[in-house]
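Here is the structure we will look at.
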Amino acid sequence: MTRQPLRPSRFAALGDSLTEGVGDRVDGAWRGWAALLAQGLGEPGRTAEFHNFAVSGALTRDVDEHQTPVALACAPDIASVVVGVNDTLRHTFDIHDIAMRYDRVCAAISAHGTRILTACLPDPGTMLALPVPLARPLARRQWAVNAVVHALSDRYGAIHLHIADSAWVEDRTLWSADRIHPGERGHRMIARRFHELLAAEGLALGAPPGAEPEQPAPGAAAKVLWLATAGTAWVARRCTDLLPELLGLAGAEMRHWARGTSVRLDQVAETALSSALASLSPGPPLVRMRE
């Protein structure tokens, strides 16, 4: 009886611009951590079949309604679900809806026997070094999203990568000019850390991607050009949607600070998060807001 050769792993990547590869441009196109990781997932000498469904600006809703169905059609062995930062930048932010949709995505993927990769992320206010009254509401939102990701990663046995700690955030060599997306070095770091976790479970059979960038880092002129063109456009798009509410949130932050009642805002966020997690089945996971 002839032994059938093992097929390479199928890897589907779902999410937003982080997974699309923004910040790691190669030959005029985005590459990113997911593509780098895919190179080390297949059998030695056989590259994994890789499909990247991530789209810049995607919300949890988009991953739920659009990306998950097409990803499942590929029958992936491994699927990454890294999303949530864009949700924090919308006036429609609703942690209950985010939790419900993230749960639905993980449940659908797990039902097919696919192993899930997840990550918790730093908040954009910290990354952009916004003033505290503006940064704090965004941080509170990202804490809640990360708590949902932690809880559902535990529930579905996902391989989880924690990249919200200060060591990651403060290493500016990992980030691109926009201060939001990783540069090539950062994308390589994410890919290598996921590869290490997968290899420990026998799910990454190829070599890990290299740590050192292959492309020259953008110089000061290139960074200024980005901030004056694409960066300005990025801020304008976000401000149209978020800025009026964010200014209102900042005003509330300052009023509570002046009264010494800032803890109430934290309590409101904790209550909303606990309610969102309690509404999921089969039972409410542990609240882990500030991990």
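Chain labels A, B, ... are given in the sequence in which chains occur in the structure tokens; within each chain residues are numbered consecutively from 1, and ligands are likewise numbered from 1 in the order shown.
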
Residue contacts of stretch 120-130 of chain A (10 Å, only C-alpha atoms) excluding same-chain residues fewer than 5 positions away, as number ranges by chain: A: 82-86, 88-89, 135-143, 145-150, 160-166, 168-170, 172, 175, 178-181, 291

Selection near stretch 73-75 of chain A, 10 Å with only C-alpha atoms, sequence-local residues under 3 positions removed, as a PyMOL selection string: chain A and resi 10-12+49-51+68-70+78-79+109+112-114

Next, the residues of the selection above should be written as a tab-separated table (two decimals), in the first residue's frame with N, CA and C atoms.
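The new file again22.tsv reads:
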```tsv
chain	number	residue	atom	x	y	z
A	10	ARG	N	-2.99	24.16	5.91
A	10	ARG	CA	-3.74	25.29	5.33
A	10	ARG	C	-3.90	26.34	6.43
A	11	PHE	N	-3.52	27.54	6.12
A	11	PHE	CA	-3.55	28.63	7.10
A	11	PHE	C	-4.38	29.76	6.54
A	12	ALA	N	-5.42	30.16	7.27
A	12	ALA	CA	-6.26	31.30	6.89
A	12	ALA	C	-6.10	32.40	7.92
A	49	GLU	N	-0.31	26.17	2.48
A	49	GLU	CA	-1.29	26.87	1.65
A	49	GLU	C	-1.84	28.02	2.48
A	50	PHE	N	-1.69	29.23	1.98
A	50	PHE	CA	-1.98	30.41	2.79
A	50	PHE	C	-3.02	31.28	2.10
A	51	HIS	N	-4.01	31.70	2.88
A	51	HIS	CA	-5.04	32.62	2.39
A	51	HIS	C	-5.18	33.75	3.40
A	68	THR	N	-15.16	35.16	7.85
A	68	THR	CA	-15.25	33.79	8.37
A	68	THR	C	-15.86	32.81	7.37
A	69	PRO	N	-16.97	33.14	6.72
A	69	PRO	CA	-17.54	32.17	5.77
A	69	PRO	C	-16.59	31.78	4.64
A	70	VAL	N	-15.87	32.75	4.08
A	70	VAL	CA	-14.97	32.41	2.98
A	70	VAL	C	-13.73	31.69	3.48
A	78	ILE	N	-5.30	25.83	10.46
A	78	ILE	CA	-5.00	26.90	11.41
A	78	ILE	C	-5.63	28.18	10.88
A	79	ALA	N	-6.23	28.95	11.78
A	79	ALA	CA	-6.81	30.24	11.40
A	79	ALA	C	-6.49	31.27	12.47
A	109	ILE	N	-15.18	28.46	13.69
A	109	ILE	CA	-13.88	27.94	13.27
A	109	ILE	C	-13.54	26.67	14.03
A	112	HIS	N	-15.00	23.24	13.01
A	112	HIS	CA	-14.39	22.55	11.86
A	112	HIS	C	-13.06	21.90	12.22
A	113	GLY	N	-12.73	21.90	13.51
A	113	GLY	CA	-11.47	21.29	13.93
A	113	GLY	C	-10.26	22.14	13.65
A	114	THR	N	-10.46	23.41	13.37
A	114	THR	CA	-9.36	24.32	13.06
A	114	THR	C	-8.79	24.90	14.35
```

Picked from stretch 79-184 of chain A by DSSP as alpha helix (DSSP H), as a ChimeraX atom specification: /A:85-88,95-111,124-127,132-156,166-170,184

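Residue nearest A:Ala38 within the list A:Gln67, A:Ser80, A:Ser17, A:Gln215: A:Ser80 [criterion: smallest interatomic distance, only C-alpha atoms].
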
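One finds atom CA of A:Ser56 at 22.3 Å from atom CA of A:Gln39.
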
Interatomic distance, atom CA of A:Ala119 to atom CA of A:Ala204 (Å, one decimal):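 Interatomic distance, atom CA of A:Ala119 to atom CA of A:Ala204: 17.7 Å.
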
In stretch 30-141 of chain A, DSSP strand (DSSP E or B) residues written as an NGL selection string: :A and (30 or 49-52 or 78-82 or 115-120)

Minimum-distance residue to A:Pro213, chosen among A:Ser9, A:Thr271, A:Thr173, A:Thr19 (using only C-alpha atoms):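 Using only C-alpha atoms, A:Pro213 sits closest to A:Thr173.
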
Which residues come within 12 Å of A:Leu280, counting only C-alpha atoms, excluding same-chain residues fewer than 3 positions away, as an mmCIF file with N, CA and C atoms, in the first residue's frame?
```
data_model
loop_
_atom_site.group_PDB
_atom_site.id
_atom_site.type_symbol
_atom_site.label_atom_id
_atom_site.label_comp_id
_atom_site.auth_asym_id
_atom_site.auth_seq_id
_atom_site.Cartn_x
_atom_site.Cartn_y
_atom_site.Cartn_z
ATOM 1 N N HIS A 96 -20.553 44.385 24.126
ATOM 2 C CA HIS A 96 -21.452 43.232 24.086
ATOM 3 C C HIS A 96 -21.500 42.656 22.672
ATOM 4 N N ASP A 97 -21.648 43.515 21.673
ATOM 5 C CA ASP A 97 -21.705 43.062 20.285
ATOM 6 C C ASP A 97 -20.368 42.450 19.859
ATOM 7 N N ILE A 98 -19.266 43.079 20.284
ATOM 8 C CA ILE A 98 -17.943 42.552 19.948
ATOM 9 C C ILE A 98 -17.767 41.154 20.528
ATOM 10 N N ALA A 99 -18.133 40.974 21.799
ATOM 11 C CA ALA A 99 -17.991 39.673 22.442
ATOM 12 C C ALA A 99 -18.838 38.620 21.745
ATOM 13 N N MET A 100 -20.072 38.966 21.416
ATOM 14 C CA MET A 100 -20.968 38.019 20.750
ATOM 15 C C MET A 100 -20.407 37.587 19.401
ATOM 16 N N ARG A 101 -19.922 38.560 18.635
ATOM 17 C CA ARG A 101 -19.424 38.237 17.302
ATOM 18 C C ARG A 101 -18.100 37.462 17.369
ATOM 19 N N TYR A 102 -17.219 37.852 18.277
ATOM 20 C CA TYR A 102 -15.944 37.131 18.414
ATOM 21 C C TYR A 102 -16.206 35.691 18.841
ATOM 22 N N ASP A 103 -17.157 35.507 19.733
ATOM 23 C CA ASP A 103 -17.534 34.164 20.166
ATOM 24 C C ASP A 103 -18.053 33.353 18.990
ATOM 25 N N ARG A 104 -18.897 33.970 18.173
ATOM 26 C CA ARG A 104 -19.479 33.270 17.029
ATOM 27 C C ARG A 104 -18.402 32.866 16.022
ATOM 28 N N ALA A 107 -16.393 29.969 17.580
ATOM 29 C CA ALA A 107 -17.200 28.752 17.603
ATOM 30 C C ALA A 107 -17.275 28.121 16.220
ATOM 31 N N VAL A 148 -12.085 40.183 26.413
ATOM 32 C CA VAL A 148 -12.910 39.271 25.613
ATOM 33 C C VAL A 148 -12.032 38.266 24.884
ATOM 34 N N ALA A 151 -10.650 35.694 27.345
ATOM 35 C CA ALA A 151 -11.668 34.755 27.806
ATOM 36 C C ALA A 151 -12.012 33.736 26.729
ATOM 37 N N LEU A 152 -12.209 34.197 25.499
ATOM 38 C CA LEU A 152 -12.593 33.279 24.433
ATOM 39 C C LEU A 152 -11.405 32.442 23.951
ATOM 40 N N ARG A 155 -11.502 29.630 26.325
ATOM 41 C CA ARG A 155 -12.660 28.766 26.079
ATOM 42 C C ARG A 155 -12.431 27.849 24.888
ATOM 43 N N LEU A 273 -18.442 45.053 30.536
ATOM 44 C CA LEU A 273 -17.663 43.887 30.144
ATOM 45 C C LEU A 273 -18.197 42.622 30.812
ATOM 46 N N SER A 274 -18.443 42.689 32.097
ATOM 47 C CA SER A 274 -18.951 41.524 32.821
ATOM 48 C C SER A 274 -20.291 41.070 32.251
ATOM 49 N N SER A 275 -21.144 42.028 31.922
ATOM 50 C CA SER A 275 -22.431 41.694 31.322
ATOM 51 C C SER A 275 -22.261 41.018 29.970
ATOM 52 N N ALA A 276 -21.317 41.543 29.159
ATOM 53 C CA ALA A 276 -21.076 40.958 27.839
ATOM 54 C C ALA A 276 -20.569 39.523 27.957
ATOM 55 N N LEU A 277 -19.628 39.296 28.874
ATOM 56 C CA LEU A 277 -19.079 37.953 29.038
ATOM 57 C C LEU A 277 -20.105 36.996 29.637
ATOM 58 N N GLY A 283 -20.785 29.561 29.828
ATOM 59 C CA GLY A 283 -20.749 30.199 31.139
ATOM 60 C C GLY A 283 -19.863 31.408 31.092
ATOM 61 N N PRO A 284 -19.984 32.303 32.061
ATOM 62 C CA PRO A 284 -19.193 33.535 32.040
ATOM 63 C C PRO A 284 -17.729 33.286 32.364
ATOM 64 N N PRO A 285 -16.814 33.595 31.442
ATOM 65 C CA PRO A 285 -15.386 33.471 31.749
ATOM 66 C C PRO A 285 -14.962 34.518 32.770
ATOM 67 N N LEU A 286 -13.775 34.353 33.279
ATOM 68 C CA LEU A 286 -13.215 35.273 34.255
ATOM 69 C C LEU A 286 -12.892 36.613 33.608
#
```

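Minimum distance to A:Leu36 across A:His256, A:Arg90, A:Arg193, A:Arg188 (counting only C-alpha atoms) occurs at A:Arg188.
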
Atom CA of A:Asp94 to atom CA of A:Ala278, straight-line distance in Å: 14.8 Å

Residue nearest A:Arg61 - candidates A:Ser279, A:Gln267, A:Thr92, A:Ser176, atoms counted: only C-alpha atoms: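 Of all the options, A:Thr92 lies closest to A:Arg61.
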